[in-house]
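Let me begin by presenting the structure, written as structure tokens, before commenting on it.
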Amino acid sequence: MIPKILIVISLLSASRAQLDIYNILFENASDLTLRVQHQHGNNSNLSYEILRNSVPIHESAVFQYFGPTVEVIKMTDGLLLQGDDSTIQFSIMEDTDSFAMVSVERKSIGSALLRDCVQLKSTEMSWYGGPEQVYQYYPVEKLSFKEYSYVTKAADNCAIAERYWLNSRGLFIYIDKETPLFLNQTPHSTLCLYGQKFSPYYTRNGNSFSFNYKIGIASDARQAHLKAVEYFLKKPSGYPDQKMTTYPIFSTWAQYGRTINETVVLSYADAINEYAFNNSQMDIDDMWESCYGSLEFDTKKFPNIADLTSTLKTKGFRITLWVHPFINKGCEPIYSEALSKGYLVLDHNNSPDVYWWNTEPNSQSAHIDFTKAEAAQWYTDRLRTLQSTSGIDSFKFDAGEGSWVPRDPVLSADPNTQPNAATVAYIRTVVAFGSMIEVRSAFGQQNIPVFVRMLDKDSVWSWENGLPTLVTTLLQFNLAGYPFVLPDMIGGNGYEGRPSKELYIRWLQATVFMPALQFSFVPWDYDDETVVLSKKFTALHTQYADKIIERFKLTVKSGDPVNPPIWWTSPNDRTAQQINDQFLLGDDILVAPVLSEGKTVRNIYLPEGIWIDQNDGSVYEGPMWLNDYHAPLNVLPYFVRNSSTMCAALKRIWNLLLGLSILL
């Protein structure tokens, strides 16, 4: 049962004025009260807070200009403040012993901006969710934003931009998809969410807009998140290909870049087999096309692709192919065909011109308009033909963020959903290719049954898109409702140079208990020890693949994350709520990889439970810190939780033996 919750909404004024107080009782929970304070004399600034047993679990300052007059209307389930220029309505949507939900509906008629500034109070509580970022700090109160359009975009790695935030005291905020949403955030202070009719959102349908959101309150963060999944995020409809989970993917990208051809691919496959690494598939990445968007192989590089794929399959490989939603100018006749048939996204000046990372010098590209059913079908048919003629098994779908379409686009979608509608339409189109694909962007599509990959990571140790962000991005994806996470390639993409041996092995260790392994740089390019350790940790991943798939199935059934943060099993543990370099697989496997250069020891936090060290068999009872845990390059610290009586007895026996060994 939820402890008593008090919701206080107050209209602030710098001058002394009459104060009206309104109490609206929850219908089914007599201990819940919505209390509204309205102070006459100023109709712009409001604040409200939600308290549990007199302790605030949510505080927010609201800016809203109502116009010359504002009327307060009491309703059976809440309160409406109605002005000439805008309105705001607070309503109790759900009211049970285990969950309560308040709806906040704001509408601008003439007001240019509606703002809601959440107090982060980072010393007292933590916040999770928000966007994928280059600096993937966790918890998210550490992030910084300024006038940040909250849409899927290539900038800052913001390929996942879900309008969902969860705090450690069991409260979530979910903002409707139609809100033209921007962020301003001061680290450890405030997160200002504001609606504003401004680019990159659609601005051609008048000045009015809505800014609606829901606040859910449960007994703790775990229960609140599961309620958010139930009501808003939704559960996946299935799960990815099991072989992709069990055995590593090998990609040509980081190892070879764009210098690929038939000889390179065959040599890569032979080396993988020579060193006796299992595989789920090989991905042929960038620069296989005759021109970008043709969806035809360059016959100089790949003289007979059907023979190549047949050969690769006899060597034990399935083959996937890197594809994208662009067509470069000059890629004929496909570009002209797509333009003439209306299959490209145009702006309001009828221009299709966009730039992406493979735009030819002094030229432009165009983006296929997946919001048009006929364009999406044309793209799908061409990929199906490519599959049937080449023997390719599946695809790696790149891009998809709304920032790749022209600014001010003309899309066949509700204007209030633009530009994110471009992402939604692209992902909706490509998921039809089955469980063996991967995508890198999505918006409100937590139901998709495929891998969502992290955007490219840099081969560095730092928080600037380096190894530590591999773990925090995993947590961010899971708490945004995308549990089928495909980590970036082991060692990163090598844009700063090939990763060091130490970074490479630590990166591999960090991904062992994530849903999949993805190699590109190969261990035999280092030394024999790297090969031995890579086989060891790859085998460890395969050993636990059944556990990962078991968690996949639970995710489809209940919405539980695959790799939750360590507070998931102890949601009120304040220390666990702040840990950003450990994670769980399911509820009972805790992983604490080494993420710092030159370190062979680290501190590890074990939450409540009996934890068995899988490296030496030691048994610990949490909550507790393990300080200076010894983790040389060949050790990945991980623990399995077992709360049985037998395990507790084992712990006592272990401690007794340890005491005897000290005496001896």
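Letters for chains follow the order of the structure tokens (A, B, ...), residue numbers begin at 1 for each chain, and ligand numbers begin at 1 in the order shown.
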
8 Å contact set for Trp404 in chain A, only C-alpha atoms, chain neighbours under 3 positions out, as a list in words = Lys153, Ala154, Val354, Tyr355, Trp356, His367, Ala399, Gly400 and Glu401 of chain A

Can you list, as number ranges by chain, every protein, DNA or RNA residue that comes within 10 Å of Ala338 in chain A when you count only C-alpha atoms, leaving out same-chain residues fewer than 2 positions away?
-> A: 327, 332-336, 340-345, 366-369, 375, 378-379

Show which residues sit within 6 Å of Gln133 in chain A, as a list in words. Count only C-alpha atoms, and ignore same-chain residues fewer than 2 positions away.
->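 Residues meeting the cut-off are Tyr135, Gln136, Asp156, Asn157 and Cys158 of chain A.
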
In Å, rounded to a single decimal, give me how far CA of Leu590 in chain A is from CA of Asn279 in chain A.
-> 25.8 Å

Residues flagged helix (DSSP H, G or I) by DSSP in range 186-339 of chain A, as a ChimeraX atom specification = /A:221-233,242-246,253-256,262-274,305-314,334-339

8 Å contact set for range 478-487 of chain A, only C-alpha atoms, chain neighbours under 3 positions out, as a PyMOL selection string = chain A and resi 128-130+162+164+225+229+233-235+239-240+438+446+449-454+470+474-475+511+514-518+552+555+561-564

With N, CA and C atoms retained, write the just-selected residues as a compact mmCIF listing (two decimals), in the first residue's frame.
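Written file, again16.txt:
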# COMPACT_ATOMS: atom_id res chain seq x y z
N TYR A 128 16.30 8.90 -13.32
CA TYR A 128 16.73 8.00 -14.38
C TYR A 128 15.87 8.26 -15.62
N GLY A 129 16.29 7.69 -16.74
CA GLY A 129 15.54 7.88 -17.99
C GLY A 129 16.18 8.96 -18.84
N GLY A 130 15.35 9.68 -19.59
CA GLY A 130 15.87 10.72 -20.45
C GLY A 130 16.54 10.17 -21.69
N GLU A 162 13.27 9.24 -25.30
CA GLU A 162 11.96 8.95 -24.70
C GLU A 162 11.60 10.00 -23.66
N TYR A 164 10.39 10.28 -20.77
CA TYR A 164 10.10 9.52 -19.55
C TYR A 164 11.25 9.69 -18.57
N HIS A 225 8.29 1.95 -12.27
CA HIS A 225 8.73 1.68 -13.64
C HIS A 225 7.85 0.62 -14.30
N VAL A 229 5.66 0.97 -17.71
CA VAL A 229 5.66 0.00 -18.82
C VAL A 229 4.23 -0.40 -19.15
N LEU A 233 5.03 2.79 -21.74
CA LEU A 233 6.17 2.32 -22.51
C LEU A 233 5.85 1.04 -23.28
N LYS A 234 5.07 0.18 -22.68
CA LYS A 234 4.62 -1.09 -23.27
C LYS A 234 5.76 -2.12 -23.33
N LYS A 235 5.36 -3.37 -23.43
CA LYS A 235 6.30 -4.49 -23.44
C LYS A 235 6.66 -4.87 -24.87
N TYR A 239 11.26 -11.24 -28.99
CA TYR A 239 12.66 -10.97 -28.64
C TYR A 239 13.57 -11.34 -29.80
N PRO A 240 14.83 -10.85 -29.77
CA PRO A 240 15.72 -11.02 -30.92
C PRO A 240 16.14 -12.47 -31.15
N GLU A 438 19.08 -5.33 -36.60
CA GLU A 438 19.36 -4.36 -35.54
C GLU A 438 19.02 -2.98 -36.06
N GLN A 446 8.95 0.84 -27.86
CA GLN A 446 9.50 -0.17 -26.96
C GLN A 446 8.95 -1.56 -27.25
N PRO A 449 10.66 -6.11 -31.32
CA PRO A 449 11.30 -7.34 -30.82
C PRO A 449 12.71 -7.55 -31.35
N VAL A 450 13.47 -6.47 -31.54
CA VAL A 450 14.78 -6.58 -32.17
C VAL A 450 15.82 -5.84 -31.33
N PHE A 451 17.09 -6.07 -31.67
CA PHE A 451 18.17 -5.37 -30.99
C PHE A 451 18.17 -3.88 -31.36
N VAL A 452 18.35 -3.06 -30.34
CA VAL A 452 18.60 -1.63 -30.54
C VAL A 452 20.04 -1.39 -30.13
N ARG A 453 20.87 -0.97 -31.06
CA ARG A 453 22.29 -0.84 -30.75
C ARG A 453 22.62 0.54 -30.22
N MET A 454 23.64 0.58 -29.37
CA MET A 454 24.18 1.85 -28.94
C MET A 454 24.83 2.54 -30.13
N LEU A 470 29.57 2.71 -21.70
CA LEU A 470 28.99 1.45 -22.16
C LEU A 470 27.99 0.92 -21.13
N LEU A 474 23.76 1.21 -21.30
CA LEU A 474 22.98 -0.02 -21.07
C LEU A 474 21.85 0.25 -20.08
N LEU A 475 22.15 0.92 -18.98
CA LEU A 475 21.13 1.22 -17.97
C LEU A 475 20.10 2.20 -18.52
N THR A 511 30.99 -6.33 -21.60
CA THR A 511 29.84 -6.74 -22.41
C THR A 511 29.41 -8.18 -22.20
N MET A 514 25.93 -8.53 -21.05
CA MET A 514 24.95 -7.78 -21.84
C MET A 514 24.33 -8.72 -22.87
N PRO A 515 23.27 -8.30 -23.56
CA PRO A 515 22.55 -9.25 -24.42
C PRO A 515 23.32 -9.83 -25.60
N ALA A 516 24.39 -9.18 -26.06
CA ALA A 516 25.11 -9.70 -27.22
C ALA A 516 26.55 -9.20 -27.20
N LEU A 517 27.41 -9.92 -27.90
CA LEU A 517 28.80 -9.52 -28.11
C LEU A 517 28.97 -9.16 -29.58
N GLN A 518 29.76 -8.11 -29.84
CA GLN A 518 29.97 -7.69 -31.22
C GLN A 518 31.46 -7.37 -31.42
N PHE A 552 14.93 -12.39 -21.57
CA PHE A 552 14.19 -11.88 -22.72
C PHE A 552 12.71 -12.27 -22.61
N THR A 555 10.89 -10.38 -20.02
CA THR A 555 10.65 -9.01 -20.47
C THR A 555 9.40 -8.94 -21.34
N PRO A 561 13.26 -5.15 -17.00
CA PRO A 561 14.48 -4.95 -17.79
C PRO A 561 15.31 -6.22 -17.85
N VAL A 562 16.12 -6.35 -18.91
CA VAL A 562 17.07 -7.46 -19.01
C VAL A 562 18.29 -7.17 -18.14
N ASN A 563 18.80 -5.94 -18.24
CA ASN A 563 19.97 -5.51 -17.46
C ASN A 563 19.60 -4.31 -16.60
N PRO A 564 18.94 -4.54 -15.47
CA PRO A 564 18.55 -3.42 -14.62
C PRO A 564 19.72 -2.87 -13.82

Near Ile217 in chain A, counting only C-alpha atoms, which residues have an atom at most 6 Å away, once you skip same-chain residues fewer than 3 positions from it, shown as a ChimeraX atom specification?
-> /A:99-100,170-171

Export, as a PDB file, in the first residue's frame, the selected residues with N, CA, C and O atoms.
ATOM      1  N   PHE A  99      -1.137   2.177  -6.504  1.00  0.00           N
ATOM      2  CA  PHE A  99      -0.693   3.088  -7.552  1.00  0.00           C
ATOM      3  C   PHE A  99      -1.654   4.255  -7.683  1.00  0.00           C
ATOM      4  O   PHE A  99      -2.875   4.086  -7.611  1.00  0.00           O
ATOM      5  N   ALA A 100      -1.071   5.435  -7.850  1.00  0.00           N
ATOM      6  CA  ALA A 100      -1.865   6.644  -8.095  1.00  0.00           C
ATOM      7  C   ALA A 100      -1.294   7.367  -9.300  1.00  0.00           C
ATOM      8  O   ALA A 100      -0.080   7.309  -9.557  1.00  0.00           O
ATOM      9  N   GLY A 170      10.046   6.472  -6.325  1.00  0.00           N
ATOM     10  CA  GLY A 170       8.855   5.774  -6.813  1.00  0.00           C
ATOM     11  C   GLY A 170       7.897   6.643  -7.594  1.00  0.00           C
ATOM     12  O   GLY A 170       6.693   6.380  -7.593  1.00  0.00           O
ATOM     13  N   LEU A 171       8.407   7.652  -8.290  1.00  0.00           N
ATOM     14  CA  LEU A 171       7.550   8.549  -9.073  1.00  0.00           C
ATOM     15  C   LEU A 171       8.104   8.668 -10.480  1.00  0.00           C
ATOM     16  O   LEU A 171       9.316   8.745 -10.676  1.00  0.00           O
TER      17      LEU A 171
END

Applying 12 Å and only C-alpha atoms, which residues near Asp458 in chain A remain after dropping the ones on its own chain fewer than 2 positions away? List them as a CSV table (one decimal) with all heavy atoms, in the first residue's frame.
chain,number,residue,atom,x,y,z
A,134,VAL,N,26.1,11.4,-25.6
A,134,VAL,CA,27.6,11.2,-25.7
A,134,VAL,C,28.1,11.1,-24.3
A,134,VAL,O,28.8,10.1,-24.0
A,134,VAL,CB,28.3,12.3,-26.5
A,134,VAL,CG1,29.8,12.2,-26.3
A,134,VAL,CG2,27.9,12.3,-28.0
A,135,TYR,N,27.9,12.1,-23.5
A,135,TYR,CA,28.2,12.0,-22.1
A,135,TYR,C,27.0,11.3,-21.3
A,135,TYR,O,26.1,12.0,-20.9
A,135,TYR,CB,28.5,13.4,-21.5
A,135,TYR,CG,29.7,14.0,-21.9
A,135,TYR,CD1,29.8,14.8,-23.1
A,135,TYR,CD2,30.9,13.9,-21.2
A,135,TYR,CE1,30.9,15.4,-23.5
A,135,TYR,CE2,32.1,14.5,-21.7
A,135,TYR,CZ,32.1,15.2,-22.8
A,135,TYR,OH,33.3,15.8,-23.2
A,157,ASN,N,24.5,11.9,-30.0
A,157,ASN,CA,24.1,10.5,-29.9
A,157,ASN,C,22.7,10.3,-29.5
A,157,ASN,O,22.3,9.3,-28.9
A,157,ASN,CB,25.0,9.7,-29.0
A,157,ASN,CG,26.3,9.4,-29.7
A,157,ASN,OD1,26.6,9.8,-30.7
A,157,ASN,ND2,27.2,8.6,-29.0
A,254,ALA,N,34.9,-1.6,-37.9
A,254,ALA,CA,36.0,-1.0,-37.2
A,254,ALA,C,37.3,-1.6,-37.7
A,254,ALA,O,38.4,-0.9,-37.8
A,254,ALA,CB,35.9,-1.3,-35.7
A,454,MET,N,23.6,0.6,-29.4
A,454,MET,CA,24.2,1.9,-28.9
A,454,MET,C,24.8,2.5,-30.1
A,454,MET,O,25.4,1.9,-31.0
A,454,MET,CB,25.2,1.6,-27.9
A,454,MET,CG,24.8,0.9,-26.6
A,454,MET,SD,26.2,0.8,-25.4
A,454,MET,CE,25.4,-0.3,-24.2
A,455,LEU,N,24.7,3.9,-30.1
A,455,LEU,CA,25.5,4.6,-31.2
A,455,LEU,C,27.0,4.4,-30.9
A,455,LEU,O,27.4,4.1,-29.8
A,455,LEU,CB,25.1,6.1,-31.1
A,455,LEU,CG,24.1,6.5,-32.2
A,455,LEU,CD1,23.5,7.8,-32.0
A,455,LEU,CD2,24.8,6.5,-33.6
A,456,ASP,N,27.7,4.7,-32.0
A,456,ASP,CA,29.2,4.4,-32.0
A,456,ASP,C,29.9,5.0,-30.7
A,456,ASP,O,29.7,6.1,-30.4
A,456,ASP,CB,29.8,5.0,-33.2
A,456,ASP,CG,29.3,4.5,-34.5
A,456,ASP,OD1,28.3,3.8,-34.5
A,456,ASP,OD2,30.0,4.7,-35.5
A,460,VAL,N,38.2,5.0,-26.1
A,460,VAL,CA,38.8,5.8,-25.0
A,460,VAL,C,38.3,5.3,-23.7
A,460,VAL,O,37.2,4.7,-23.6
A,460,VAL,CB,38.6,7.3,-25.2
A,460,VAL,CG1,39.2,7.8,-26.5
A,460,VAL,CG2,37.1,7.7,-25.2
A,461,TRP,N,39.0,5.8,-22.6
A,461,TRP,CA,38.6,5.4,-21.2
A,461,TRP,C,37.6,6.4,-20.6
A,461,TRP,O,37.1,6.2,-19.5
A,461,TRP,CB,39.8,5.2,-20.4
A,461,TRP,CG,40.7,4.1,-20.7
A,461,TRP,CD1,41.8,4.2,-21.6
A,461,TRP,CD2,40.7,2.8,-20.2
A,461,TRP,NE1,42.4,3.0,-21.6
A,461,TRP,CE2,41.7,2.1,-20.8
A,461,TRP,CE3,39.8,2.1,-19.3
A,461,TRP,CZ2,42.0,0.7,-20.5
A,461,TRP,CZ3,40.1,0.8,-19.1
A,461,TRP,CH2,41.1,0.1,-19.7
A,462,SER,N,37.4,7.6,-21.2
A,462,SER,CA,36.8,8.7,-20.6
A,462,SER,C,35.3,8.7,-20.7
A,462,SER,O,34.7,7.8,-21.4
A,462,SER,CB,37.3,10.0,-21.2
A,462,SER,OG,36.7,10.2,-22.5
A,463,TRP,N,34.7,9.6,-19.9
A,463,TRP,CA,33.2,9.8,-20.0
A,463,TRP,C,32.7,10.4,-21.3
A,463,TRP,O,31.5,10.5,-21.5
A,463,TRP,CB,32.7,10.6,-18.8
A,463,TRP,CG,32.6,9.8,-17.5
A,463,TRP,CD1,33.5,9.6,-16.5
A,463,TRP,CD2,31.5,8.9,-17.2
A,463,TRP,NE1,33.0,8.7,-15.6
A,463,TRP,CE2,31.8,8.3,-15.9
A,463,TRP,CE3,30.3,8.6,-17.8
A,463,TRP,CZ2,30.9,7.4,-15.3
A,463,TRP,CZ3,29.4,7.8,-17.2
A,463,TRP,CH2,29.7,7.2,-15.9
A,464,GLU,N,33.7,10.8,-22.1
A,464,GLU,CA,33.3,11.4,-23.4
A,464,GLU,C,33.1,10.3,-24.4
A,464,GLU,O,33.9,10.0,-25.2
A,464,GLU,CB,34.3,12.4,-23.9
A,464,GLU,CG,33.8,13.2,-25.1
A,464,GLU,CD,34.8,14.3,-25.6
A,464,GLU,OE1,35.9,14.4,-24.9
A,464,GLU,OE2,34.5,15.0,-26.5
A,465,ASN,N,32.0,9.5,-24.2
A,465,ASN,CA,31.6,8.5,-25.1
A,465,ASN,C,32.6,7.3,-25.1
A,465,ASN,O,32.7,6.5,-26.0
A,465,ASN,CB,31.5,9.0,-26.6
A,465,ASN,CG,30.6,8.1,-27.4
A,465,ASN,OD1,29.5,7.7,-27.0
A,465,ASN,ND2,30.9,7.9,-28.7
A,466,GLY,N,33.3,7.1,-23.9
A,466,GLY,CA,34.2,6.0,-23.8
A,466,GLY,C,33.6,4.8,-23.0
A,466,GLY,O,32.4,4.7,-22.8
A,467,LEU,N,34.6,4.0,-22.6
A,467,LEU,CA,34.2,2.7,-21.9
A,467,LEU,C,33.2,2.9,-20.8
A,467,LEU,O,32.2,2.1,-20.7
A,467,LEU,CB,35.4,2.0,-21.5
A,467,LEU,CG,35.2,0.7,-20.7
A,467,LEU,CD1,34.4,-0.3,-21.5
A,467,LEU,CD2,36.6,0.1,-20.3
A,468,PRO,N,33.3,3.9,-19.9
A,468,PRO,CA,32.4,4.0,-18.8
A,468,PRO,C,30.9,4.1,-19.2
A,468,PRO,O,30.0,3.7,-18.6
A,468,PRO,CB,32.8,5.2,-18.0
A,468,PRO,CG,34.3,5.3,-18.3
A,468,PRO,CD,34.4,4.9,-19.7
A,469,THR,N,30.8,4.8,-20.4
A,469,THR,CA,29.4,5.0,-20.9
A,469,THR,C,28.8,3.8,-21.5
A,469,THR,O,27.6,3.7,-21.8
A,469,THR,CB,29.4,6.1,-22.0
A,469,THR,OG1,30.1,5.7,-23.2
A,469,THR,CG2,30.0,7.4,-21.4
A,470,LEU,N,29.6,2.7,-21.7
A,470,LEU,CA,29.0,1.4,-22.2
A,470,LEU,C,28.0,0.9,-21.1
A,470,LEU,O,26.9,0.4,-21.5
A,470,LEU,CB,30.1,0.4,-22.4
A,470,LEU,CG,29.8,-0.8,-23.2
A,470,LEU,CD1,29.6,-0.5,-24.7
A,470,LEU,CD2,30.9,-1.9,-23.1
A,488,ASP,N,28.0,-1.5,-28.5
A,488,ASP,CA,28.9,-1.2,-29.6
A,488,ASP,C,30.1,-2.2,-29.7
A,488,ASP,O,30.3,-3.0,-28.7
A,488,ASP,CB,29.4,0.2,-29.5
A,488,ASP,CG,29.9,0.7,-30.9
A,488,ASP,OD1,29.5,0.2,-31.9
A,488,ASP,OD2,30.8,1.6,-30.9
A,489,MET,N,30.8,-2.2,-30.7
A,489,MET,CA,31.8,-3.1,-31.0
A,489,MET,C,32.9,-3.1,-29.9
A,489,MET,O,33.2,-2.1,-29.4
A,489,MET,CB,32.5,-2.8,-32.4
A,489,MET,CG,31.5,-2.9,-33.5
A,489,MET,SD,32.1,-2.3,-35.0
A,489,MET,CE,30.6,-2.2,-36.0
A,490,ILE,N,33.4,-4.3,-29.6
A,490,ILE,CA,34.4,-4.5,-28.5
A,490,ILE,C,35.6,-3.6,-28.8
A,490,ILE,O,36.3,-3.8,-29.9
A,490,ILE,CB,34.7,-5.9,-28.4
A,490,ILE,CG1,33.5,-6.7,-27.8
A,490,ILE,CG2,35.9,-6.1,-27.4
A,490,ILE,CD1,33.5,-8.2,-28.0
A,491,GLY,N,36.0,-2.8,-27.9
A,491,GLY,CA,37.1,-1.8,-28.1
A,491,GLY,C,36.7,-0.5,-28.7
A,491,GLY,O,37.5,0.4,-28.8
A,492,GLY,N,35.4,-0.4,-29.1
A,492,GLY,CA,35.0,0.9,-29.7
A,492,GLY,C,35.2,0.9,-31.2
A,492,GLY,O,35.7,-0.1,-31.8
A,493,ASN,N,35.0,2.0,-31.8
A,493,ASN,CA,35.1,2.1,-33.3
A,493,ASN,C,36.5,2.5,-33.8
A,493,ASN,O,36.7,2.6,-35.0
A,493,ASN,CB,34.0,3.1,-33.8
A,493,ASN,CG,32.7,2.5,-34.0
A,493,ASN,OD1,32.4,2.1,-35.1
A,493,ASN,ND2,31.9,2.4,-33.0
A,494,GLY,N,37.4,2.9,-32.9
A,494,GLY,CA,38.7,3.1,-33.3
A,494,GLY,C,38.9,4.4,-34.1
A,494,GLY,O,40.0,4.5,-34.8
A,495,TYR,N,38.0,5.4,-34.0
A,495,TYR,CA,38.2,6.6,-34.7
A,495,TYR,C,39.4,7.4,-34.2
A,495,TYR,O,40.0,8.2,-34.9
A,495,TYR,CB,36.9,7.5,-34.5
A,495,TYR,CG,35.7,6.9,-35.1
A,495,TYR,CD1,34.5,7.0,-34.4
A,495,TYR,CD2,35.7,6.1,-36.3
A,495,TYR,CE1,33.3,6.4,-34.9
A,495,TYR,CE2,34.5,5.6,-36.8
A,495,TYR,CZ,33.3,5.7,-36.1
A,495,TYR,OH,32.2,5.1,-36.5
A,496,GLU,N,39.8,7.1,-32.9
A,496,GLU,CA,41.0,7.8,-32.4
A,496,GLU,C,42.2,6.9,-32.5
A,496,GLU,O,43.3,7.2,-32.0
A,496,GLU,CB,40.8,8.1,-30.9
A,496,GLU,CG,39.5,8.9,-30.6
A,496,GLU,CD,38.3,8.0,-30.6
A,496,GLU,OE1,38.4,6.8,-30.6
A,496,GLU,OE2,37.2,8.6,-30.7
A,497,GLY,N,42.1,5.8,-33.2
A,497,GLY,CA,43.2,4.8,-33.3
A,497,GLY,C,42.7,3.5,-32.6
A,497,GLY,O,41.8,3.4,-31.8
A,498,ARG,N,43.4,2.4,-33.0
A,498,ARG,CA,43.0,1.1,-32.5
A,498,ARG,C,43.1,1.1,-31.0
A,498,ARG,O,44.1,1.6,-30.4
A,498,ARG,CB,44.0,0.0,-33.1
A,498,ARG,CG,43.7,-1.4,-32.8
A,498,ARG,CD,44.6,-2.3,-33.5
A,498,ARG,NE,44.4,-2.3,-34.9
A,498,ARG,CZ,43.5,-3.2,-35.6
A,498,ARG,NH1,42.9,-4.1,-34.9
A,498,ARG,NH2,43.3,-3.1,-36.9
A,499,PRO,N,42.2,0.5,-30.3
A,499,PRO,CA,42.2,0.4,-28.8
A,499,PRO,C,43.4,-0.4,-28.3
A,499,PRO,O,43.9,-1.3,-29.0
A,499,PRO,CB,40.9,-0.3,-28.4
A,499,PRO,CG,40.5,-1.1,-29.6
A,499,PRO,CD,41.0,-0.3,-30.8
A,503,LEU,N,42.4,-1.8,-22.9
A,503,LEU,CA,41.0,-1.3,-23.2
A,503,LEU,C,40.2,-2.3,-23.9
A,503,LEU,O,39.0,-2.5,-23.6
A,503,LEU,CB,41.1,0.0,-24.0
A,503,LEU,CG,39.8,0.6,-24.4
A,503,LEU,CD1,39.0,1.1,-23.2
A,503,LEU,CD2,40.0,1.8,-25.3
A,504,TYR,N,40.8,-3.1,-24.8
A,504,TYR,CA,40.1,-4.1,-25.6
A,504,TYR,C,39.5,-5.2,-24.7
A,504,TYR,O,38.3,-5.6,-24.7
A,504,TYR,CB,41.0,-4.7,-26.6
A,504,TYR,CG,40.4,-5.6,-27.6
A,504,TYR,CD1,39.7,-5.2,-28.7
A,504,TYR,CD2,40.5,-7.0,-27.4
A,504,TYR,CE1,39.1,-6.1,-29.6
A,504,TYR,CE2,40.0,-7.9,-28.3
A,504,TYR,CZ,39.3,-7.5,-29.4
A,504,TYR,OH,38.7,-8.3,-30.3
A,507,TRP,N,36.8,-3.9,-22.3
A,507,TRP,CA,35.6,-3.6,-23.0
A,507,TRP,C,34.8,-5.0,-23.2
A,507,TRP,O,33.6,-5.0,-23.0
A,507,TRP,CB,35.9,-3.0,-24.4
A,507,TRP,CG,34.8,-2.2,-25.0
A,507,TRP,CD1,33.6,-2.7,-25.4
A,507,TRP,CD2,34.8,-0.9,-25.3
A,507,TRP,NE1,32.9,-1.7,-26.0
A,507,TRP,CE2,33.6,-0.6,-25.9
A,507,TRP,CE3,35.7,0.2,-25.1
A,507,TRP,CZ2,33.3,0.7,-26.4
A,507,TRP,CZ3,35.4,1.5,-25.6
A,507,TRP,CH2,34.2,1.7,-26.2
